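Peer 1: The following file, protein.cif, comprises mmCIF, C-alpha atoms:
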data_query
loop_
_atom_site.group_PDB
_atom_site.id
_atom_site.type_symbol
_atom_site.label_atom_id
_atom_site.label_comp_id
_atom_site.auth_asym_id
_atom_site.auth_seq_id
_atom_site.Cartn_x
_atom_site.Cartn_y
_atom_site.Cartn_z
ATOM 1 C CA MET B 1 22.631 -19.240 8.578
ATOM 2 C CA VAL B 2 19.006 -19.976 7.712
ATOM 3 C CA CYS B 3 16.993 -17.265 5.990
ATOM 4 C CA ASN B 4 13.468 -17.646 7.352
ATOM 5 C CA PHE B 5 11.990 -14.374 6.108
ATOM 6 C CA ASP B 6 11.352 -13.539 2.451
ATOM 7 C CA ILE B 7 10.900 -9.944 1.326
ATOM 8 C CA PHE B 8 8.606 -9.098 -1.575
ATOM 9 C CA LYS B 9 7.756 -5.811 -3.313
ATOM 10 C CA MET B 10 4.086 -5.596 -4.219
ATOM 11 C CA ASP B 11 3.397 -4.192 -7.694
ATOM 12 C CA PRO B 12 0.292 -2.121 -8.576
ATOM 13 C CA PHE B 13 -1.488 -5.274 -9.820
ATOM 14 C CA GLY B 14 -1.034 -7.176 -6.551
ATOM 15 C CA ASN B 15 1.833 -9.364 -7.736
ATOM 16 C CA ALA B 16 4.614 -10.146 -5.268
ATOM 17 C CA LEU B 17 8.138 -9.594 -6.614
ATOM 18 C CA TRP B 18 10.802 -11.363 -4.549
ATOM 19 C CA ARG B 19 13.561 -9.022 -3.307
ATOM 20 C CA GLY B 20 15.552 -11.238 -0.945
ATOM 21 C CA SER B 21 15.696 -13.334 2.207
ATOM 22 C CA VAL B 22 16.985 -12.567 5.680
ATOM 23 C CA THR B 23 17.373 -14.438 8.955
ATOM 24 C CA ASN B 24 15.097 -12.416 11.242
ATOM 25 C CA LEU B 25 12.263 -9.898 11.323
ATOM 26 C CA ALA B 26 14.470 -6.973 12.362
ATOM 27 C CA ASP B 27 16.699 -7.537 9.319
ATOM 28 C CA ALA B 28 13.600 -7.741 7.109
ATOM 29 C CA GLN B 29 12.370 -4.382 8.398
ATOM 30 C CA THR B 30 15.814 -2.836 7.865
ATOM 31 C CA SER B 31 15.969 -4.200 4.318
ATOM 32 C CA ILE B 32 12.547 -2.788 3.499
ATOM 33 C CA ALA B 33 13.515 0.599 4.914
ATOM 34 C CA THR B 34 16.568 0.592 2.640
ATOM 35 C CA LEU B 35 14.666 -0.660 -0.421
ATOM 36 C CA SER B 36 11.852 1.848 0.013
ATOM 37 C CA ILE B 37 14.242 4.782 -0.267
ATOM 38 C CA SER B 38 14.658 4.114 -3.981
ATOM 39 C CA VAL B 39 11.434 2.147 -4.624
ATOM 40 C CA PRO B 40 8.672 3.298 -2.262
ATOM 41 C CA GLY B 41 5.435 1.394 -1.921
ATOM 42 C CA GLU B 42 4.023 -1.695 -0.334
ATOM 43 C CA TYR B 43 6.250 -4.592 0.745
ATOM 44 C CA LEU B 44 5.480 -7.998 2.182
ATOM 45 C CA ILE B 45 7.462 -10.005 4.730
ATOM 46 C CA PHE B 46 6.750 -13.732 4.629
ATOM 47 C CA ASN B 47 7.767 -15.923 7.570
ATOM 48 C CA GLN B 48 8.616 -19.329 6.089
ATOM 49 C CA LYS B 49 8.206 -21.143 9.426
ATOM 50 C CA THR B 50 4.814 -19.777 10.515
ATOM 51 C CA ARG B 51 3.524 -18.808 7.029
ATOM 52 C CA GLN B 52 2.604 -15.392 8.491
ATOM 53 C CA LYS B 53 2.494 -12.442 6.084
ATOM 54 C CA ILE B 54 3.222 -8.895 7.221
ATOM 55 C CA VAL B 55 2.401 -6.014 4.888
ATOM 56 C CA VAL B 56 4.643 -2.968 5.237
ATOM 57 C CA ASP B 57 3.912 0.367 3.553
ATOM 58 C CA LEU B 58 6.401 2.937 4.824
ATOM 59 C CA ALA B 59 5.062 5.666 2.530
ATOM 60 C CA ALA B 60 1.596 5.354 4.098
ATOM 61 C CA ALA B 61 3.088 5.268 7.592
ATOM 62 C CA GLN B 62 5.118 8.397 6.918
ATOM 63 C CA SER B 63 2.042 10.179 5.536
ATOM 64 C CA GLU B 64 0.082 9.302 8.683
ATOM 65 C CA LEU B 65 2.879 10.636 10.887
ATOM 66 C CA LEU B 66 2.982 13.919 8.974
ATOM 67 C CA ALA B 67 -0.795 14.300 9.258
ATOM 68 C CA THR B 68 -0.744 14.101 13.058
#
Kindly transcribe the structure held in the file into structure tokens.
Peer 2:
Amino acid sequence: MVCNFDIFKMDPFGNALWRGSVTNLADAQTSIATLSISVPGEYLIFNQKTRQKIVVDLAAAQSELLAT
């Protein structure tokens, strides 16, 4: 099993704090959903193969949903 996606928690100063690795994007999103229950905020998914970075902020997304 190769873990191609790293998960980071972004701190208020813009530093990335590594939280784990998973094999696919769906698992990364599930992990962030679980992590954000106890530590809300901005997370980053880093694809090791493509070097793509995806910023995820579930708290902001939930606020937008409640506003509509």
Peer 1: Would you list the contacts of Ser21 of chain B as a PyMOL selection string, taking every protein, DNA or RNA residue within 8 Å and counting only C-alpha atoms, but skipping same-chain residues closer than 4 positions in sequence?
Peer 2: chain B and resi 3-7+28
Peer 1: Could those residues be written to a file, using C-alpha atoms, as a PDB file, keeping the file's coordinate frame?
Peer 2:
ATOM      1  CA  CYS B   3      16.993 -17.265   5.990  1.00  0.00           C
ATOM      2  CA  ASN B   4      13.468 -17.646   7.352  1.00  0.00           C
ATOM      3  CA  PHE B   5      11.990 -14.374   6.108  1.00  0.00           C
ATOM      4  CA  ASP B   6      11.352 -13.539   2.451  1.00  0.00           C
ATOM      5  CA  ILE B   7      10.900  -9.944   1.326  1.00  0.00           C
ATOM      6  CA  ALA B  28      13.600  -7.741   7.109  1.00  0.00           C
TER       7      ALA B  28
END
Peer 1: Decode the PyMOL selection byres ((chain B and resi 54) around 12) for the given file into explicit residues and return them as a list in words.
Peer 2: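 Listing what the PyMOL selection byres ((chain B and resi 54) around 12) selects in the shown file: Phe5, Asp6, Ile7, Phe8, Lys9, Met10, Leu25, Ala28, Gln29, Ile32, Glu42, Tyr43, Leu44, Ile45, Phe46, Asn47, Gln48, Thr50, Arg51, Gln52, Lys53, Val55, Val56 and Asp57 of chain B.
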Peer 1: Rank B:Val2, B:Gly41, B:Thr34, B:Asp27 by their smallest atom-to-atom distance to Gly14 of chain B, using all atoms listed in the file, and report the top residue only.
Peer 2: B:Gly41
Peer 1: Have a look at atom CA of Met1 of chain B and atom CA of Ser36 of chain B and let me know their distance in Å, one decimal.
Peer 2: 25.2 Å
Peer 1: What separation in Å, quoted to one decimal, exists between atom CA of Val39 of chain B and atom CA of Thr23 of chain B?
Peer 2: 22.2 Å
